[in-house]
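S.K.: First the structure, which I've put down as structure tokens, then a few questions once you've had a look.
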Amino acid sequence: MLKDRDFPPLPSQAPRKKTKPLAKRPCRREATGLNDLPVELVLEIISYLPGIDVQHFQLLTLTSLSLTNRRLHTIVGDRLYTSYDSLFCAPYPFLRTVMSNARLASHVKSMFIRYGPNSHADRLAYAPSIADKQLIKDGLKKLAMSDWKVWASSCNETNSGAELLYATMLMCTPNVASLEIGDGALQPKSLPKWLWIIRQIVNGHFFGKVHRFEHLHSIRVDVQYLKLGHLAPVFKLRSMRKVTLIGLVEWAHLEDDRPDSLRRVLPAGISLVEEVHISKSFVHGDILDVLFSSFRKLKMFRYWSTDERFVNGHAGVDYWRSPHAARVQAYNDDSAGNNYYSIVESLVRHQTWLETLSLSDDRSIHRAAPFTARFRNFTVLADLTVYYSMLIKDPVDGASIAENIPRSIQSLTIQFGDSVARHYKQVFRYLALNCQQYAPSLQKLRLVEDSVTIKWDRGWVEVEKLFADRGIAFELGSVYSQDYDYANWSSTARSETDEDSDLTSDEESLYSN
């Protein structure tokens, strides 16, 4: 008889030797540093460094970071060339770099340039080498301009004007979207090169392979001698959407400033500009009427009127000493005044598109409207800043303001003269009690008085409570307060540095003086 033990066990039945369990090894986590993160996270992290953003960067911080390693050099280097500011960067080295490197040239999105006799006077002139001159010559030759030889010779001169170099940089940066210019008053009636280039493009003249400014949508010009007639090509650019002009002076009775002359270069409906900001300027109402007619759909208009170009400051003196002075009447309050009512009447053509309107001045030099303006017809107007006489007939007529503001209004700022607002408390009580009927979208009401101090008495407390009960913020302030800038004309703060860079590569030398 066979027994089970006489047969060798099957492999599955063989006893297994007990093995000692392997000791658990601690998991090793490889260290993760800045260089291991995705590009998106790196850009997010460096955005928190002091002074770094697309428009206003701290130059030495970016250049130092770009030299850390190869990967950060690639990431930060692209950001380094996103914005050009003539305060930091000498024009010739920058031009040399963007002309020789199309990838870096394509990264330039914004430019801030200043030119003229007093601009960067402490900067030593850059002496181009033979290799530099040849590079500029070859770059301009590729653009196939008819006068590229003359242009290259002018750029390569040791004392070539910065304004010419800036204009050449514009020709080599096809993706520039924002342009800020400090016009240096080269001489009266002279057209800056950058503006001449835009005029050539707009008028369809052959200009070689120079790009057509397809991405330029915003421009800000600190004006000296330029007029709207000179700046007409800017308004006619098909890509342009926002124009800001500082210090513009336009009369209607001078030969160069007549409305008919402006209408010939800015015919009705030719401009696609949607936002216009005119600050620290005086522009006659007839000139503004021609300007408004040239827009197809104007969505925002801010106008800060001032007389400082007539009687105050260096710019005013320069203007009156120019050849224009012989044909200009003497300054007086009547000639410098603005009839804001006529400006609103000219804007009626845009009443179905205008979303923001601000009419301000720093010395109350405007002429009071003979009767309230027709703001009720502006069907999408959400943000309004005006003088009180344009909305209110008298201190006891609360219905006038309620009936004149548009139903779409969300933010309303009303300006008063010295110690005037206190007489109109009854008007604002009426508005608070009837705002749901007349201004259902109102979220903020601000009263601004031309007074150093504002007396906040019991009457204003009651008015504030009436608005607060309806979910509307109510403020009473002064034009002299730090948070008031007339018409939201925020000045651009730019950091300056006198430190010299000891960087040696060709790209870093771009930022040397």
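Lettering and numbering for the structure tokens are positional, with chains as A, B, ... in the shown order, residues counted from 1 in each chain, and ligands counted from 1 in the shown order.
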For segment 280-296 of chain A, find every residue with an atom within 9 Å (counting only C-alpha atoms), except residues of its own chain fewer than 5 positions away, and show them as a ChimeraX atom specification.

M.R.: /A:228,235,245-252,257-260,262-263,266-274,303-309,336-340,342-343,345-347,349-350,361-362

S.K.: Report as a Markdown table: every residue of segment 155-271 of chain A with an atom at most 9 Å from segment 92-96 of chain A, its closest pair of atoms, and their distance in Å to one decimal, counting only C-alpha atoms, with rows sorted by chain and ascending residue number.

M.R.:
| residue | atom | partner | partner_atom | distance |
| --- | --- | --- | --- | --- |
| A:Cys155 | CA | A:Tyr92 | CA | 8.2 |
| A:Asn156 | CA | A:Tyr92 | CA | 8.8 |
| A:Ala162 | CA | A:Tyr92 | CA | 8.3 |
| A:Leu165 | CA | A:Tyr92 | CA | 6.6 |
| A:Tyr166 | CA | A:Leu95 | CA | 8.1 |
| A:Thr168 | CA | A:Leu95 | CA | 7.5 |
| A:Met169 | CA | A:Leu95 | CA | 5.5 |
| A:Cys172 | CA | A:Leu95 | CA | 8.0 |

S.K.: Using C-alpha atoms, can you export the residues from the last selection as a PDB file, in the first residue's frame?

M.R.:
ATOM      1  CA  CYS A 155      22.043 105.952 -36.536  1.00  0.00           C
ATOM      2  CA  ASN A 156      25.762 105.125 -36.577  1.00  0.00           C
ATOM      3  CA  ALA A 162      18.185 109.538 -29.279  1.00  0.00           C
ATOM      4  CA  LEU A 165      17.322 105.659 -32.412  1.00  0.00           C
ATOM      5  CA  TYR A 166      13.961 105.293 -30.625  1.00  0.00           C
ATOM      6  CA  THR A 168      14.457 102.822 -35.406  1.00  0.00           C
ATOM      7  CA  MET A 169      13.768 100.595 -32.386  1.00  0.00           C
ATOM      8  CA  CYS A 172      12.312  96.507 -35.215  1.00  0.00           C
TER       9      CYS A 172
END

S.K.: Using only C-alpha atoms, which residues sit within 8 Å of Gln351 of chain A once same-chain residues fewer than 2 positions away are excluded, as an MDAnalysis selection string?

M.R.: chainID A and resid 347:349 353:354 377:381

S.K.: Which of these, A:Gly459, A:Pro38, A:Gly208, A:Pro233, has the shortest distance to Ile75 of chain A once you count only C-alpha atoms?

M.R.: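 Answer, going by the shortest atom-to-atom distance: A:Pro38.
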
S.K.: Please indicate the distance in Å from atom CA of Leu466 of chain A to atom CA of Arg429 of chain A, rounded to one decimal place.

M.R.: 7.3 Å

S.K.: Please provide as a ChimeraX atom specification all residues within 12 Å of Leu412 of chain A, with the sequence filter that same-chain residues fewer than 3 positions apart are discarded (counting only C-alpha atoms).

M.R.: /A:356-358,375,381-388,391,401-402,405-409,415,431,439,441-448,472-475

S.K.: Return as a JSON list (two decimals) with N, CA and C atoms, in the first residue's frame the full set of residues in segment 245-299 of chain A whose backbone-based DSSP assignment is alpha helix (DSSP H).

M.R.:
[["chain", "number", "residue", "atom", "x", "y", "z"],
["A", 259, "PRO", "N", -10.83, 124.26, -36.77],
["A", 259, "PRO", "CA", -11.56, 122.99, -36.88],
["A", 259, "PRO", "C", -11.57, 122.43, -38.29],
["A", 260, "ASP", "N", -11.69, 123.28, -39.30],
["A", 260, "ASP", "CA", -11.72, 122.79, -40.68],
["A", 260, "ASP", "C", -10.41, 122.13, -41.06],
["A", 261, "SER", "N", -9.29, 122.68, -40.59],
["A", 261, "SER", "CA", -7.99, 122.08, -40.88],
["A", 261, "SER", "C", -7.88, 120.70, -40.24],
["A", 262, "LEU", "N", -8.38, 120.57, -39.02],
["A", 262, "LEU", "CA", -8.32, 119.28, -38.34],
["A", 262, "LEU", "C", -9.27, 118.28, -38.99],
["A", 263, "ARG", "N", -10.40, 118.74, -39.46],
["A", 263, "ARG", "CA", -11.39, 117.85, -40.07],
["A", 263, "ARG", "C", -10.86, 117.23, -41.36],
["A", 264, "ARG", "N", -9.98, 117.94, -42.05],
["A", 264, "ARG", "CA", -9.42, 117.39, -43.29],
["A", 264, "ARG", "C", -8.53, 116.17, -43.02],
["A", 265, "VAL", "N", -7.83, 116.17, -41.89],
["A", 265, "VAL", "CA", -6.95, 115.03, -41.58],
["A", 265, "VAL", "C", -7.62, 114.01, -40.66],
["A", 285, "GLY", "N", -13.67, 123.87, -27.45],
["A", 285, "GLY", "CA", -14.81, 123.00, -27.68],
["A", 285, "GLY", "C", -15.03, 122.65, -29.15],
["A", 286, "ASP", "N", -14.76, 123.58, -30.06],
["A", 286, "ASP", "CA", -14.95, 123.30, -31.49],
["A", 286, "ASP", "C", -13.94, 122.25, -31.98],
["A", 287, "ILE", "N", -12.75, 122.28, -31.41],
["A", 287, "ILE", "CA", -11.74, 121.28, -31.76],
["A", 287, "ILE", "C", -12.16, 119.91, -31.22],
["A", 288, "LEU", "N", -12.66, 119.88, -29.99],
["A", 288, "LEU", "CA", -13.14, 118.63, -29.43],
["A", 288, "LEU", "C", -14.29, 118.05, -30.23],
["A", 289, "ASP", "N", -15.14, 118.90, -30.75],
["A", 289, "ASP", "CA", -16.27, 118.43, -31.54],
["A", 289, "ASP", "C", -15.79, 117.68, -32.79],
["A", 290, "VAL", "N", -14.74, 118.20, -33.44],
["A", 290, "VAL", "CA", -14.18, 117.52, -34.61],
["A", 290, "VAL", "C", -13.56, 116.19, -34.18],
["A", 291, "LEU", "N", -12.87, 116.20, -33.05],
["A", 291, "LEU", "CA", -12.25, 114.98, -32.55],
["A", 291, "LEU", "C", -13.30, 113.91, -32.25],
["A", 292, "PHE", "N", -14.38, 114.30, -31.58],
["A", 292, "PHE", "CA", -15.44, 113.34, -31.25],
["A", 292, "PHE", "C", -16.08, 112.75, -32.51],
["A", 293, "SER", "N", -16.22, 113.58, -33.53],
["A", 293, "SER", "CA", -16.88, 113.11, -34.75],
["A", 293, "SER", "C", -16.02, 112.09, -35.49],
["A", 294, "SER", "N", -14.70, 112.08, -35.22],
["A", 294, "SER", "CA", -13.83, 111.14, -35.93],
["A", 294, "SER", "C", -13.91, 109.73, -35.35]]

S.K.: When you count only C-alpha atoms, which of these residues is closest to Pro192 of chain A: A:Leu164, A:Leu72, A:Ala102, A:Met171?

M.R.: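 Closest to Pro192 of chain A of all the choices is A:Leu164.
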
S.K.: Just asking: which residues within segment 14-173 of chain A are strand (DSSP E or B) according to DSSP, as a PyMOL selection string?

M.R.: chain A and resi 83-85+110-114

S.K.: Would you save the residues from that selection as a PDB file, in the first residue's frame, using N, CA, C and O atoms?

M.R.:
ATOM      1  N   SER A  83       9.770  95.090 -21.648  1.00  0.00           N
ATOM      2  CA  SER A  83       9.552  96.532 -21.571  1.00  0.00           C
ATOM      3  C   SER A  83      10.868  97.261 -21.753  1.00  0.00           C
ATOM      4  O   SER A  83      11.902  96.846 -21.223  1.00  0.00           O
ATOM      5  N   TYR A  84      10.835  98.341 -22.519  1.00  0.00           N
ATOM      6  CA  TYR A  84      12.001  99.199 -22.672  1.00  0.00           C
ATOM      7  C   TYR A  84      11.700 100.556 -22.050  1.00  0.00           C
ATOM      8  O   TYR A  84      10.651 101.168 -22.322  1.00  0.00           O
ATOM      9  N   ASP A  85      12.606 101.026 -21.204  1.00  0.00           N
ATOM     10  CA  ASP A  85      12.476 102.337 -20.575  1.00  0.00           C
ATOM     11  C   ASP A  85      13.779 103.085 -20.796  1.00  0.00           C
ATOM     12  O   ASP A  85      14.850 102.620 -20.384  1.00  0.00           O
ATOM     13  N   SER A 110       6.120  96.927 -24.525  1.00  0.00           N
ATOM     14  CA  SER A 110       5.877  98.320 -24.142  1.00  0.00           C
ATOM     15  C   SER A 110       7.183  99.103 -24.180  1.00  0.00           C
ATOM     16  O   SER A 110       8.258  98.553 -23.902  1.00  0.00           O
ATOM     17  N   MET A 111       7.077 100.393 -24.519  1.00  0.00           N
ATOM     18  CA  MET A 111       8.247 101.260 -24.589  1.00  0.00           C
ATOM     19  C   MET A 111       7.913 102.607 -23.965  1.00  0.00           C
ATOM     20  O   MET A 111       6.830 103.157 -24.171  1.00  0.00           O
ATOM     21  N   PHE A 112       8.860 103.107 -23.169  1.00  0.00           N
ATOM     22  CA  PHE A 112       8.733 104.445 -22.586  1.00  0.00           C
ATOM     23  C   PHE A 112       9.979 105.219 -22.973  1.00  0.00           C
ATOM     24  O   PHE A 112      11.092 104.878 -22.566  1.00  0.00           O
ATOM     25  N   ILE A 113       9.804 106.266 -23.774  1.00  0.00           N
ATOM     26  CA  ILE A 113      10.956 106.992 -24.317  1.00  0.00           C
ATOM     27  C   ILE A 113      10.825 108.478 -24.048  1.00  0.00           C
ATOM     28  O   ILE A 113       9.730 109.037 -24.053  1.00  0.00           O
ATOM     29  N   ARG A 114      11.976 109.098 -23.813  1.00  0.00           N
ATOM     30  CA  ARG A 114      12.045 110.553 -23.625  1.00  0.00           C
ATOM     31  C   ARG A 114      13.143 111.081 -24.529  1.00  0.00           C
ATOM     32  O   ARG A 114      14.207 110.472 -24.625  1.00  0.00           O
TER      33      ARG A 114
END
